[in-house]
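Here's the structure we're looking at; comments come further down.
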Amino acid sequence: MRIIIDAMGGDNAPQQIIIGAKLAAEEIGQKITVIGSEDAINQVIEQNNIDKNLFEIINASEVITNNEEPATAVRRKKDSSVCVGLNLVKDDLDSVFISAGSTGALLAGSLLYPGRIKGIKRPAIAVLLPNVAGGMTMLVDAGANADCKAEYLEQFAIMGSVYMKKMYDINAPKVGLLNIGTEDKKGNALMQETFGLLKNADINFIGNIEGRDVFKGNCDVIVADGFSGNLILKSVEGTAEVLFSGIKEVMYKSFATKLAGAVIKKPLKQFAKRYDYTAYGGSPLLGINANVIKAHGSSNAEAFKNAIIAGKIYCENKILSDIIKIIIEKNDNI
């Protein structure tokens with residue numbers, strides 16, 4: 001298996017990306033292919049006393065930034081770290097590409113180079129969220145498709161179900177549809193049509209769920225259009241930031257609260273760690289005909305290390321092969 005990373009993508013590239021790759025290479029005992037400006041990569045290696053033998057370095061002369069129009073950029077900058085990496089995983093199910101760069105460029109490049117799995121209408125970003133039951137819940141789509149059709153959402157549900165079954169050994173993952181109410185007839189025309197498709201699909205569909213139930217652990221896969229899914233994701237990130245900031249402010253408000261804070265400091269840290277995105281690695285692009293992982297744009301070294309490890313596990317579990325097989329079988333039965 002080959003692990004390939006985009007050294008130039010992300011707010012903290014290339015420094016934190018290279019250090020994260022070093023940590024991952026040491027932990028898993030495997031050489032990692034690093035793509036980007038060879039000079040910039042070597043500079044980080046020298047400045048941080050990193051063993052160069054941990055990496056295979058492939059030079060890429062161009063970089064795609066978040067300020068560029070994604071579809072145009074991936075066509076014009078064919079020697080960018082993103083495009084070079086995606087070309088390397090094309091037609092190779094035993095390799096994985098991880099990038100913390102522009103989500104739009106990664107999606108556009110994935111559609112242009114590896115392309116979609118035959119039969120898949122739209123790819124989706126699948127994000128894992130910790131739930132209060134102690135497990136993980138997948139939110140899919142988390143932002144790839146603002147406008148959706150019911151058949152897209154049905155495919156998101158199927159792909160998400162395969163992922164959770166393989167990655168978390170859940171025999172029949174429970175699938176819920178994000179909606180404005182739990183009743184069968186709730187929601188707009190899209191939600192009602194999707195409900196009917198999911199009810200008849202070969203998955204363990206449990207019905208509609210509301211936004212307030214996302215973290216309760218009632219289902220393993222939450223299906224949403226990319227617009228709603230991204231709103232949920234960004235709202236969660238913002239709420240967590242305000243909540244933890246507020247708790248910290250209260251704890252240091254007076255001598256009495258400082259004493260109380262000292263007592264609960266350890267469990268609070270454990271709670272915060274449970275909901276820290278850096279611990280959960282990256283998000284797979286489901287529906288792409290290659291193993292592609294999107295790491296958080298602001299990933300530090302620890303977060304990117306975990307994204308690499310998540311990508312390795314994703315690839316080793318042959319999830320992409322299983323999705324391809326199920327989609328082919330479904331199409332043959334139509």
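Numbering starts fresh at 1 for the residues of each chain in the structure tokens, the chains themselves are lettered A, B, ... in the order given, and ligands are numbered from 1 as they appear.
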List the spatial neighbours of Gly181 in chain A as JSON, numbers by chain - criterion: any atom at most 10 Å away, only C-alpha atoms, same-chain residues fewer than 5 positions off excluded. {"A": [186, 187, 208, 209, 210, 211]}
Neighbour list for Leu285 in chain A as a list in words, cut-off 10 Å, only C-alpha atoms, skip fewer than 4 positions in-chain: Leu106, Leu107, Ser110, Pro123, Ala124, Ile125, Ala126, Val127, Val140, Asp141, Ala144, Asn289, Ala290, Asn291, Val292, Ile293 and Lys294 of chain A
Counting only C-alpha atoms, what is within 12 Å of Tyr314 in chain A, bar same-chain residues fewer than 2 positions away, as a ChimeraX atom specification? /A:1,3,93-98,162-168,281-286,290-293,307-312,316-322
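CA of Gln30 in chain A sits 29.3 Å away from CA of Val74 in chain A.
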Set the distance at 12 Å and use only C-alpha atoms: which residues neighbour Ile58 in chain A once local chain neighbours fewer than 5 positions away are removed? I'd like the list as an MDAnalysis selection string. chainID A and resid 4:8 32:42 79:82 84:85 88
For range 197-247 of chain A versus range 151-157 of chain A, which residues have an atom no more than 7 Å away, and what is each residue's nearest atom pair and distance in Å rounded to one decimal, using only C-alpha atoms, chain-then-number order, as a tab-separated table?
```
residue	atom	partner	partner_atom	distance
A:Leu197	CA	A:Glu154	CA	6.5
A:Leu198	CA	A:Glu154	CA	6.0
A:Val223	CA	A:Ala157	CA	5.9
A:Ala224	CA	A:Leu153	CA	6.9
A:Asp225	CA	A:Leu153	CA	6.8
```
With N, CA and C atoms retained, export the selected residues as a PDB file, in the first residue's frame.
```pdb
ATOM      1  N   LEU A 197     -37.302   6.511  -0.997  1.00  0.00           N
ATOM      2  CA  LEU A 197     -36.206   5.718  -1.565  1.00  0.00           C
ATOM      3  C   LEU A 197     -35.435   4.973  -0.477  1.00  0.00           C
ATOM      4  N   LEU A 198     -35.167   5.667   0.627  1.00  0.00           N
ATOM      5  CA  LEU A 198     -34.394   5.043   1.706  1.00  0.00           C
ATOM      6  C   LEU A 198     -35.186   3.928   2.383  1.00  0.00           C
ATOM      7  N   VAL A 223     -27.860  11.105   6.839  1.00  0.00           N
ATOM      8  CA  VAL A 223     -27.850  11.501   5.436  1.00  0.00           C
ATOM      9  C   VAL A 223     -28.412  12.913   5.296  1.00  0.00           C
ATOM     10  N   ALA A 224     -27.680  13.757   4.567  1.00  0.00           N
ATOM     11  CA  ALA A 224     -28.118  15.135   4.370  1.00  0.00           C
ATOM     12  C   ALA A 224     -27.649  15.636   3.012  1.00  0.00           C
ATOM     13  N   ASP A 225     -28.338  16.635   2.467  1.00  0.00           N
ATOM     14  CA  ASP A 225     -27.783  17.318   1.303  1.00  0.00           C
ATOM     15  C   ASP A 225     -26.587  18.132   1.794  1.00  0.00           C
TER      16      ASP A 225
END
```
Residue set, range 165-306 of chain A restricted to helix (DSSP H, G or I), as JSON, numbers by chain: {"A": [165, 166, 167, 168, 189, 190, 191, 192, 193, 194, 195, 196, 197, 198, 199, 200, 211, 212, 213, 226, 227, 228, 229, 230, 231, 232, 233, 234, 235, 236, 237, 238, 239, 240, 241, 242, 243, 244, 245, 246, 247, 248, 249, 250, 251, 255, 256, 257, 258, 259, 260, 261, 262, 263, 264, 265, 266, 267, 268, 269, 270, 271, 272, 273, 274, 277, 278, 279, 301, 302, 303, 304, 305, 306]}
May I have the selected residues written with C-alpha atoms, as an mmCIF file, in the first residue's frame?
```
data_model
loop_
_atom_site.group_PDB
_atom_site.id
_atom_site.type_symbol
_atom_site.label_atom_id
_atom_site.label_comp_id
_atom_site.auth_asym_id
_atom_site.auth_seq_id
_atom_site.Cartn_x
_atom_site.Cartn_y
_atom_site.Cartn_z
ATOM 1 C CA LYS A 165 -20.002 -1.494 8.577
ATOM 2 C CA LYS A 166 -16.401 -2.021 7.503
ATOM 3 C CA MET A 167 -14.618 0.592 9.627
ATOM 4 C CA TYR A 168 -16.520 0.073 12.879
ATOM 5 C CA ALA A 189 -40.458 17.529 -1.649
ATOM 6 C CA LEU A 190 -36.817 16.412 -1.736
ATOM 7 C CA MET A 191 -36.925 15.011 1.792
ATOM 8 C CA GLN A 192 -40.211 13.198 1.207
ATOM 9 C CA GLU A 193 -38.986 11.630 -2.033
ATOM 10 C CA THR A 194 -35.701 10.641 -0.365
ATOM 11 C CA PHE A 195 -37.584 9.104 2.565
ATOM 12 C CA GLY A 196 -39.433 6.810 0.156
ATOM 13 C CA LEU A 197 -36.206 5.718 -1.565
ATOM 14 C CA LEU A 198 -34.394 5.043 1.706
ATOM 15 C CA LYS A 199 -37.345 3.099 3.081
ATOM 16 C CA ASN A 200 -37.103 0.692 0.135
ATOM 17 C CA GLY A 211 -30.730 18.389 14.121
ATOM 18 C CA ARG A 212 -30.919 18.142 17.917
ATOM 19 C CA ASP A 213 -30.471 14.348 17.665
ATOM 20 C CA GLY A 226 -24.440 19.119 1.294
ATOM 21 C CA PHE A 227 -25.982 22.491 2.144
ATOM 22 C CA SER A 228 -27.722 21.259 5.309
ATOM 23 C CA GLY A 229 -24.848 18.968 6.244
ATOM 24 C CA ASN A 230 -22.304 21.766 6.059
ATOM 25 C CA LEU A 231 -24.550 24.047 8.115
ATOM 26 C CA ILE A 232 -24.719 21.352 10.813
ATOM 27 C CA LEU A 233 -20.939 20.868 10.726
ATOM 28 C CA LYS A 234 -20.057 24.581 10.919
ATOM 29 C CA SER A 235 -22.688 25.197 13.603
ATOM 30 C CA VAL A 236 -21.210 22.392 15.698
ATOM 31 C CA GLU A 237 -17.682 23.788 15.322
ATOM 32 C CA GLY A 238 -18.819 27.291 16.269
ATOM 33 C CA THR A 239 -20.912 26.115 19.219
ATOM 34 C CA ALA A 240 -18.043 24.040 20.608
ATOM 35 C CA GLU A 241 -15.673 27.002 20.345
ATOM 36 C CA VAL A 242 -18.064 29.340 22.182
ATOM 37 C CA LEU A 243 -18.917 26.704 24.805
ATOM 38 C CA PHE A 244 -15.336 25.855 25.756
ATOM 39 C CA SER A 245 -14.318 29.514 25.692
ATOM 40 C CA GLY A 246 -17.225 30.360 28.011
ATOM 41 C CA ILE A 247 -16.372 27.558 30.427
ATOM 42 C CA LYS A 248 -12.764 28.734 30.602
ATOM 43 C CA GLU A 249 -13.860 32.313 31.263
ATOM 44 C CA VAL A 250 -16.162 31.239 34.116
ATOM 45 C CA MET A 251 -13.495 29.015 35.666
ATOM 46 C CA PHE A 255 -10.974 32.472 43.502
ATOM 47 C CA ALA A 256 -13.945 30.185 44.228
ATOM 48 C CA THR A 257 -14.443 29.289 40.548
ATOM 49 C CA LYS A 258 -10.701 28.672 40.199
ATOM 50 C CA LEU A 259 -10.900 26.161 43.041
ATOM 51 C CA ALA A 260 -13.911 24.495 41.439
ATOM 52 C CA GLY A 261 -12.119 24.516 38.101
ATOM 53 C CA ALA A 262 -9.121 22.755 39.609
ATOM 54 C CA VAL A 263 -11.411 19.931 40.760
ATOM 55 C CA ILE A 264 -13.044 19.398 37.364
ATOM 56 C CA LYS A 265 -10.058 20.306 35.168
ATOM 57 C CA LYS A 266 -9.078 16.715 34.354
ATOM 58 C CA PRO A 267 -12.580 15.456 33.372
ATOM 59 C CA LEU A 268 -13.123 18.653 31.380
ATOM 60 C CA LYS A 269 -9.925 18.022 29.433
ATOM 61 C CA GLN A 270 -11.056 14.460 28.753
ATOM 62 C CA PHE A 271 -14.419 15.769 27.538
ATOM 63 C CA ALA A 272 -12.743 18.362 25.301
ATOM 64 C CA LYS A 273 -10.398 15.724 23.861
ATOM 65 C CA ARG A 274 -13.367 13.528 23.001
ATOM 66 C CA TYR A 277 -11.342 17.210 15.566
ATOM 67 C CA THR A 278 -7.569 16.630 15.583
ATOM 68 C CA ALA A 279 -8.123 13.187 17.105
ATOM 69 C CA ALA A 301 0.963 18.026 12.908
ATOM 70 C CA GLU A 302 -1.064 15.795 15.252
ATOM 71 C CA ALA A 303 -4.262 16.229 13.243
ATOM 72 C CA PHE A 304 -2.523 15.469 9.958
ATOM 73 C CA LYS A 305 -0.792 12.444 11.458
ATOM 74 C CA ASN A 306 -4.215 11.113 12.450
#
```
To one decimal place, how far is CA of Asn179 in chain A from CA of Ile327 in chain A in Å? 25.4 Å
Can you tell me, as a compact mmCIF listing (two decimals) with N, CA, C and O atoms, in the first residue's frame, what residues are no more than 8 Å from Pro70 in chain A when counting only C-alpha atoms, ignoring any on the same chain fewer than 2 positions away?
```txt
# COMPACT_ATOMS: atom_id res chain seq x y z
N GLU A 68 -8.51 30.43 -5.35
CA GLU A 68 -8.68 30.15 -6.77
C GLU A 68 -9.97 29.40 -7.05
O GLU A 68 -10.44 28.63 -6.20
N THR A 72 -11.29 25.60 -12.52
CA THR A 72 -10.31 26.23 -13.41
C THR A 72 -8.89 25.90 -12.98
O THR A 72 -8.03 25.58 -13.81
N ALA A 73 -8.65 25.96 -11.67
CA ALA A 73 -7.31 25.74 -11.13
C ALA A 73 -6.79 24.33 -11.43
O ALA A 73 -5.63 24.15 -11.82
N VAL A 74 -7.64 23.31 -11.26
CA VAL A 74 -7.15 21.93 -11.47
C VAL A 74 -6.89 21.64 -12.95
O VAL A 74 -6.11 20.75 -13.29
N SER A 102 -7.45 23.00 -0.38
CA SER A 102 -8.77 23.46 -0.80
C SER A 102 -9.72 22.29 -1.05
O SER A 102 -9.44 21.39 -1.85
N GLY A 104 -12.64 22.46 -2.46
CA GLY A 104 -13.16 22.58 -3.82
C GLY A 104 -12.20 22.02 -4.85
O GLY A 104 -12.61 21.32 -5.78
N ALA A 105 -10.91 22.31 -4.68
CA ALA A 105 -9.90 21.81 -5.63
C ALA A 105 -9.76 20.30 -5.53
O ALA A 105 -9.60 19.61 -6.54
N ALA A 108 -12.87 18.89 -7.26
CA ALA A 108 -12.80 19.09 -8.70
C ALA A 108 -11.73 18.19 -9.32
O ALA A 108 -11.94 17.58 -10.37
```
